[in-house]
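File shown: run_31.cif (mmCIF, C-alpha atoms).
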data_work
#
loop_
_atom_site.label_atom_id
_atom_site.label_comp_id
_atom_site.auth_asym_id
_atom_site.auth_seq_id
_atom_site.Cartn_x
_atom_site.Cartn_y
_atom_site.Cartn_z
CA MET A 230 3.72 -10.58 -2.94
CA THR A 231 0.63 -11.06 -5.08
CA THR A 232 -1.66 -10.01 -2.23
CA GLN A 233 0.18 -6.71 -1.84
CA LEU A 234 0.18 -6.18 -5.60
CA GLY A 235 -3.60 -6.66 -5.60
CA ILE A 236 -4.05 -4.17 -2.74
CA ASP A 237 -1.84 -1.59 -4.44
CA MET A 238 -3.53 -2.04 -7.82
CA GLU A 239 -7.01 -1.65 -6.29
CA ASP A 240 -5.83 1.61 -4.73
CA LEU A 241 -4.55 2.82 -8.10
CA TYR A 242 -7.69 1.76 -9.98
CA LEU A 243 -9.90 3.69 -7.56
CA ASN A 244 -7.79 6.66 -6.49
CA GLY A 245 -5.52 7.34 -9.47
CA ASP A 246 -5.28 11.02 -10.34
CA GLU A 247 -2.94 12.38 -12.97
CA ALA A 248 -3.21 15.82 -11.35
CA THR A 249 -1.76 14.68 -8.00
CA GLU A 250 0.73 17.20 -6.61
CA GLU A 251 4.39 16.57 -7.42
CA SER A 252 5.42 17.20 -3.81
CA ALA A 253 3.33 14.32 -2.50
CA GLU A 254 6.10 11.71 -2.33
CA ASP A 255 3.84 8.79 -1.41
CA TYR A 256 1.57 9.50 -4.35
CA ASP A 257 4.00 9.08 -7.26
CA PHE A 258 2.16 6.07 -8.64
CA LEU A 259 -1.28 7.69 -8.32
CA LYS A 260 -0.26 10.05 -11.16
CA ILE A 261 -0.06 7.25 -13.74
CA ASN A 262 -3.78 7.13 -14.69
CA ASP A 263 -7.06 8.68 -13.60
CA GLY A 264 -8.93 6.18 -11.43
CA TRP A 265 -12.60 5.36 -11.26
CA ILE A 266 -13.34 7.94 -8.53
CA LYS A 267 -12.01 10.80 -10.65
CA GLN A 268 -13.76 9.50 -13.76
CA ILE A 269 -17.11 9.21 -11.96
CA SER A 270 -16.62 12.61 -10.30
CA ASN A 271 -16.04 14.21 -13.70
CA GLY A 272 -18.75 12.48 -15.74
CA GLY A 273 -20.97 10.29 -13.56
CA HIS A 274 -23.75 11.27 -11.21
CA VAL A 275 -22.42 13.11 -8.15
CA TYR A 276 -24.27 13.58 -4.87
CA ASP A 277 -22.59 16.15 -2.65
CA ALA A 278 -23.21 15.13 0.95
CA SER A 279 -21.08 17.87 2.51
CA ALA A 280 -24.24 19.68 3.68
CA GLU A 281 -25.51 16.52 5.44
CA THR A 282 -24.97 16.60 9.18
CA SER A 283 -24.93 12.81 9.52
CA MET A 284 -25.53 9.62 7.58
CA SER A 285 -29.12 8.97 6.61
CA LEU A 286 -31.09 6.59 4.48
CA ASP A 287 -32.17 9.59 2.38
CA LEU A 288 -28.69 10.14 0.98
CA PHE A 289 -28.65 6.60 -0.44
CA TYR A 290 -32.08 7.06 -2.06
CA LYS A 291 -31.18 10.51 -3.42
CA THR A 292 -28.02 9.07 -4.98
CA LEU A 293 -29.88 6.09 -6.42
CA ALA A 294 -32.49 8.43 -7.96
CA GLN A 295 -29.77 10.04 -10.09
CA ILE A 296 -29.06 6.81 -11.98
CA PRO A 297 -31.43 6.04 -14.89
CA ASN A 298 -33.88 3.22 -14.17
CA LYS A 299 -32.48 1.02 -16.93
CA TYR A 300 -29.35 0.50 -14.79
CA ASN A 301 -31.29 -0.20 -11.59
CA ASN A 302 -31.59 -3.86 -12.52
CA GLY A 303 -30.45 -5.75 -9.42
CA LYS A 304 -26.76 -5.59 -10.32
CA LEU A 305 -25.92 -2.28 -8.61
CA ARG A 306 -23.70 -2.33 -5.50
CA TRP A 307 -22.65 0.28 -2.97
CA LEU A 308 -18.85 0.38 -2.63
CA MET A 309 -17.73 1.90 0.66
CA SER A 310 -14.86 1.74 3.11
CA PRO A 311 -15.14 -0.80 5.95
CA ARG A 312 -15.33 2.06 8.48
CA ARG A 313 -18.20 3.68 6.57
CA ALA A 314 -20.05 0.32 6.50
CA GLN A 315 -19.60 0.05 10.27
CA GLU A 316 -20.84 3.62 10.73
CA TRP A 317 -23.90 2.73 8.65
CA GLU A 318 -24.56 -0.25 10.94
CA LEU A 319 -24.14 1.95 14.03
CA PHE A 320 -26.50 4.55 12.57
CA LEU A 321 -29.17 1.87 12.08
CA LEU A 322 -28.63 0.33 15.50
CA ASN A 323 -29.00 3.71 17.19
CA LYS A 324 -32.19 4.48 15.27
CA VAL A 325 -33.87 1.13 15.87
CA ILE A 326 -32.76 0.47 19.42
CA GLY A 327 -33.75 4.01 20.36
CA ALA A 328 -37.24 3.21 19.09
CA GLY A 329 -37.33 -0.16 20.90
CA GLY A 330 -37.05 -2.39 17.83
CA ALA A 331 -34.63 -4.77 16.18
CA VAL A 332 -32.68 -4.32 12.96
CA PRO A 333 -33.19 -7.00 10.30
CA ASP A 334 -29.90 -8.50 9.05
CA SER A 335 -30.57 -7.59 5.43
CA ILE A 336 -30.54 -3.83 6.01
CA TYR A 337 -26.96 -3.84 7.39
CA THR A 338 -25.51 -4.42 3.97
CA ALA A 339 -28.32 -3.28 1.71
CA PRO A 340 -29.29 0.41 1.85
CA ALA A 341 -32.15 0.86 -0.64
CA ARG A 342 -32.12 -2.94 -1.14
CA ILE A 343 -28.73 -2.69 -2.85
CA PRO A 344 -25.96 -4.81 -1.30
CA ALA A 345 -22.78 -3.11 -0.10
CA ILE A 346 -19.22 -4.18 -0.81
CA GLU A 347 -16.54 -3.09 1.62
CA CYS A 348 -13.54 -1.66 -0.20
CA PRO A 349 -10.56 -0.69 2.00
CA SER A 350 -9.04 1.53 -0.72
CA LEU A 351 -11.97 3.96 -0.56
CA ASP A 352 -11.76 6.88 1.82
CA ASP A 353 -14.48 7.29 4.44
CA GLY A 354 -16.01 10.33 2.72
CA THR A 355 -16.79 8.54 -0.55
CA ILE A 356 -19.37 5.90 -1.52
CA LEU A 357 -19.70 4.58 -5.08
CA LEU A 358 -22.83 3.11 -6.66
CA THR A 359 -22.45 0.98 -9.79
CA ASP A 360 -22.46 -2.54 -11.13
CA PRO A 361 -18.96 -3.84 -10.25
CA LYS A 362 -18.75 -5.36 -13.75
CA ASN A 363 -19.01 -1.79 -15.07
CA LEU A 364 -15.55 -1.10 -13.62
CA ILE A 365 -13.03 -2.62 -15.99
CA VAL A 366 -9.26 -2.91 -15.87
CA VAL A 367 -7.18 -3.44 -18.97
CA ASN A 368 -3.73 -4.82 -18.11
CA THR A 369 -0.79 -5.16 -20.42
CA TYR A 370 0.65 -8.54 -21.30
CA GLY A 371 4.15 -7.26 -20.53
CA VAL A 372 4.21 -7.87 -16.77
CA LYS A 373 7.75 -8.05 -15.39
CA ILE A 374 8.63 -9.20 -11.90
CA ARG A 375 12.14 -8.35 -10.80
CA LYS A 376 13.88 -9.72 -7.74
CA THR A 377 16.84 -8.23 -5.99
CA VAL A 378 18.93 -9.27 -3.02
CA GLU A 379 20.88 -6.28 -1.75
CA GLY A 380 24.07 -6.86 0.20
CA LYS A 381 25.53 -9.69 2.23
CA GLU A 382 23.27 -9.03 5.24
CA ALA A 383 20.12 -9.40 3.15
CA ILE A 384 21.43 -12.60 1.61
CA MET A 385 22.32 -14.07 5.03
CA MET A 386 18.84 -13.23 6.34
CA ASP A 387 17.25 -14.70 3.19
CA LYS A 388 15.58 -11.38 2.34
CA ARG A 389 14.36 -10.77 -1.18
CA PHE A 390 12.86 -7.63 -2.61
CA TYR A 391 10.47 -7.76 -5.56
CA VAL A 392 9.30 -5.08 -7.95
CA THR A 393 6.46 -5.61 -10.42
CA HIS A 394 6.27 -3.56 -13.61
CA LEU A 395 3.02 -3.46 -15.57
CA ASP A 396 0.74 -1.07 -17.35
CA TYR A 397 -3.02 -0.77 -16.84
CA ASP A 398 -6.02 1.37 -17.69
CA PRO A 399 -9.04 1.62 -15.34
CA ILE A 400 -12.08 2.02 -17.60
CA ILE A 401 -15.78 2.55 -16.88
CA GLU A 402 -17.90 0.87 -19.52
CA GLU A 403 -21.05 2.97 -18.95
CA LEU A 404 -20.40 6.22 -17.07
CA ASP A 405 -24.13 7.01 -16.92
CA ALA A 406 -24.56 3.87 -14.75
CA THR A 407 -22.39 5.30 -11.97
CA ALA A 408 -22.98 7.56 -9.00
CA ILE A 409 -20.75 8.81 -6.23
CA ILE A 410 -21.49 10.25 -2.81
CA LYS A 411 -18.78 12.74 -1.89
CA GLY A 412 -18.09 14.82 1.18
CA LEU A 413 -19.54 12.53 3.85
CA LYS A 414 -18.57 13.52 7.36
#
Go ahead and express the file in the form of structure tokens.
Amino acid sequence: MTTQLGIDMEDLYLNGDEATEESAEDYDFLKINDGWIKQISNGGHVYDASAETSMSLDLFYKTLAQIPNKYNNGKLRWLMSPRRAQEWELFLLNKVIGAGGAVPDSIYTAPARIPAIECPSLDDGTILLTDPKNLIVVNTYGVKIRKTVEGKEAIMMDKRFYVTHLDYDPIIEELDATAIIKGLK
């Protein structure tokens, strides 16, 4: 139960959007708060990669160049989906093997010497750059966990259903220390 709560909360922290369409049934909870992606898109440094034809090392360096040097202090991390991290690895393998060389292990997870963190809640077209400690969540103390057992069949099969009620706010401490790559193909 706690694992699923963590997965769902990460999705909300990143992808929350108060302007989500009412008709999108699966997105009811995304309307609660604006997540980090929307906050960075509206006030952080945005690199639009929609004109790029493929992944390249240049897009990482161009994105990094948008962040002031005072934040480039060894604490920055690339946050990307697992699929995007695998595509980055494939891109490097194709480049190096095609040239007859070998890829050093460090470059798999460190474009521009900045380590990458795989984040399954991110879509494949988005990469974030920030210090993870810059992304803050404020949770309420009033967390309620409710359990229900519906009907005789559920009781006989020992099924329980849990609902967790809590309030949160995803906050970015220093918006100027964030960048986002959007529109990757």
- Task: Measuring atom to atom with only C-alpha atoms, identify which of A:Ile296, A:Ile374, A:Val367, A:Ala345 is nearest to Asp398 (chain A).
- Result: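 Selected residue with least distance to Asp398 (chain A): A:Val367.
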- the PyMOL selection byres ((chain A and resi 286) around 10) on the file shown: which residues, as JSON, numbers by chain? {"A": [284, 285, 287, 288, 289, 290, 291, 317, 320, 321, 340, 341]}
- Item | Residue contacts of Lys362 (chain A) (12 Å, only C-alpha atoms) excluding same-chain residues fewer than 4 positions away, as a list in words |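 Answer for this query is Lys304, Leu305, Arg306, Leu358, Val366, Ile400, Ile401, Glu402, Glu403, Ala406 and Thr407 of chain A.
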- A:Val275, A:Thr282, A:Glu382, A:Asp352 ranked by distance to Ala294 (chain A), top pick (using all atoms listed in the file):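 The closest residue to Ala294 (chain A) is A:Val275.
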- Counting all atoms listed in the file, find the residues whose atoms lie at most 12 Å from (-28.6, -6.5, -12.4) (file coordinates) and write them out as a ChimeraX atom specification. /A:298-306,343-344,359-363,406
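Using only C-alpha atoms, the protein and nucleic acid residues lying no more than 8 Å from Glu281 (chain A), apart from those fewer than 3 places from it along its own chain, are A:Ala278, A:Met284, A:Leu413, A:Lys414.
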- Matched chain/residue IDs from the PyMOL selection byres ((chain A and resi 375) around 10), as JSON, numbers by chain: {"A": [372, 373, 374, 376, 377, 390, 391, 392, 393, 394]}
- Nearest to Leu364 (chain A): which of A:Ala280, A:Leu293, A:Met238, A:Leu243 is it, counting only C-alpha atoms?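 Under the stated criterion, the closest residue is A:Leu243.
Residue nearest Arg342 (chain A), chosen from A:Asp240, A:Trp307, A:Ile409, A:Ile356 and counting all atoms listed in the file: A:Trp307.
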- Taking the file as shown, find all residues satisfying the PyMOL selection byres ((chain A and resi 347) around 7) and write them as an NGL selection string. :A and (308-311 or 314 or 345-346 or 348-349)
- Message: Please compute the CA of Glu239 (chain A)-CA of Thr369 (chain A) distance, one decimal, in Å.
- Response: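 Separating CA of Glu239 (chain A) from CA of Thr369 (chain A) is a distance of 15.8 Å.
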